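> My questions will all concern the structure given below.
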Amino acid sequence: MNRDKTVQQVIQELLVHTDTHPDADELVAYHEGTLPTAEAQRVQDHLVACRECAALVADLEGLADPAFGADEDIPESTGELVWERVRKEIPPANVVPFRRVEIPRWVRPLAAMLLLSTMALSGWVAYLRDQVEDLSRPQLNAPILDLYPAGSTRGQGAAVQTVAADVRLFTVVLNPAGRPAFEDYALEIVDAGGAQVGSYGGLVRNAYGSFSATLSRDLLGAGDFRVRLVGIDPGGGRHTVEEYALRIQG
């Protein structure tokens, strides 16, 4: 305890910190060791987390110290007068007893799961940010591959068009053998096993009578693929117009 404190300062400190803390009687009984075990444990738990109440108990220790106020003429009943003053100044209705909150057992596992989920989500967000930045950068000299159907004049005996392993984006130009008469077209891609990789509507013929689409390695992966030009009739029927071979190196 600070020896420079006067009795008036101690009284003032005792009157300030009493809104949601143990009341004066409880602190006095705790100091004197007369509280039941459960109540003493509750007050002790509160003192661990509350500097104000811990300071009050420390000041009470000082009041009980025979050397306290040795330089002043303090009556022996000072301690009792201080606590009596506190009791009179604070109405009992304003004193909210401290309650120890018991945390349910299921809260800890839930908190751990939420922490792990947050960490996983942060990692996924970082990955997506890197992907967006990578896709936002232009790929210089991206290849344009002219695809012709096998059996056509220009496609007869032609080698399968191949995408190199270091290419991320590439454009395929679908050149039909004739001039199909559908109003709507779609692009379909299937892998070597015949499983559909993707189907995309809205394909439009350009001024040269061909169709184009920009594809990515991330979409297809490595392997052999069949690219299909599909015509859509007014009733919604789908008809394969041409089929093209494509190979993406791993």
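Identifiers in the structure tokens: chain A, B, ... in order shown; residue index from 1 per chain; ligand index from 1 in order shown.
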Excluding Ala165 (chain A) and residues on its chain fewer than 3 positions from it, collect all residues at most 8 Å away from it, counting only C-alpha atoms, and give them as a list in words.

Ile248, Gln249 and Gly250 of chain A

> Considering only strand (DSSP E) as DSSP defines it on the backbone, what residues of region 170-213 of chain A qualify? List them as a PyMOL selection string.

chain A and resi 170-174+184-191+196-203+211-213

> Separation of CA of Leu56 (chain A) and CA of Val28 (chain A), in Å?

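If I compute the distance from CA of Leu56 (chain A) to CA of Val28 (chain A), I get 9.9 Å.
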
> Any idea what's packed within 8 Å of region 194-203 of chain A, counting only C-alpha atoms, ignoring anything in its chain fewer than 5 positions away? Could you give it as a compact mmCIF listing (two decimals) with C-alpha atoms, in the first residue's frame?


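Below is the file that was written, part_4.txt:
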```
# COMPACT_ATOMS: atom_id res chain seq x y z
CA ASP A 184 -27.99 -20.92 -82.78
CA TYR A 185 -24.79 -22.80 -81.99
CA ALA A 186 -23.05 -24.24 -78.95
CA LEU A 187 -19.61 -25.57 -78.09
CA GLU A 188 -19.21 -28.95 -76.42
CA ILE A 189 -15.99 -30.54 -75.13
CA PHE A 211 -16.42 -19.95 -84.91
CA SER A 212 -13.89 -19.13 -82.16
CA LEU A 220 -9.52 -28.81 -69.37
```

> Tyr30 (chain A): which residues within 10 Å, counting only C-alpha atoms, same-chain residues fewer than 3 positions away excluded, as number ranges by chain?

A: 24-27, 33-37, 39-41, 43-44, 57

> Write the selection just made, keeping C-alpha atoms, as a compact mmCIF listing (two decimals), in the first residue's frame?


```txt
# COMPACT_ATOMS: atom_id res chain seq x y z
CA ALA A 24 -18.15 -3.94 1.19
CA ASP A 25 -19.30 -6.61 3.66
CA GLU A 26 -18.12 -9.39 1.37
CA LEU A 27 -14.67 -7.83 0.91
CA GLY A 33 -11.33 -15.07 6.44
CA THR A 34 -14.92 -15.49 7.65
CA LEU A 35 -16.59 -16.18 4.29
CA PRO A 36 -17.82 -19.71 3.51
CA THR A 37 -15.51 -21.62 1.17
CA GLU A 39 -18.17 -17.48 -1.37
CA ALA A 40 -14.46 -16.98 -0.64
CA GLN A 41 -13.60 -18.76 -3.90
CA VAL A 43 -14.51 -13.36 -4.38
CA GLN A 44 -11.01 -14.65 -4.98
CA VAL A 57 -8.28 -5.44 -0.39
```

> Closest to Pro143 (chain A) among A:Ala112, A:Ala213, A:Cys50, A:Leu121, using only C-alpha atoms?

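Comparing A:Ala112, A:Ala213, A:Cys50, A:Leu121 against Pro143 (chain A), the winner is A:Ala213.
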
> In Å to one decimal, how far is CA of Arg168 (chain A) from CA of Leu219 (chain A)?

9.8 Å

> I want to know what sits within 12 Å of Gly221 (chain A), based on only C-alpha atoms, with residues of the same chain fewer than 3 positions away left out; could you give that as a PyMOL selection string?

chain A and resi 163-169+190-191+197+215-218+224-225+246-250

> So what do you get for CA of Thr214 (chain A) versus CA of Asp233 (chain A), distance-wise?

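According to the coordinates, CA of Thr214 (chain A) and CA of Asp233 (chain A) are separated by 24.5 Å.
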
> Have a look at A:Glu133, A:Asp146, A:Glu32, A:Glu183 and name the one nearest to Gly235 (chain A); count only C-alpha atoms.

A:Glu183
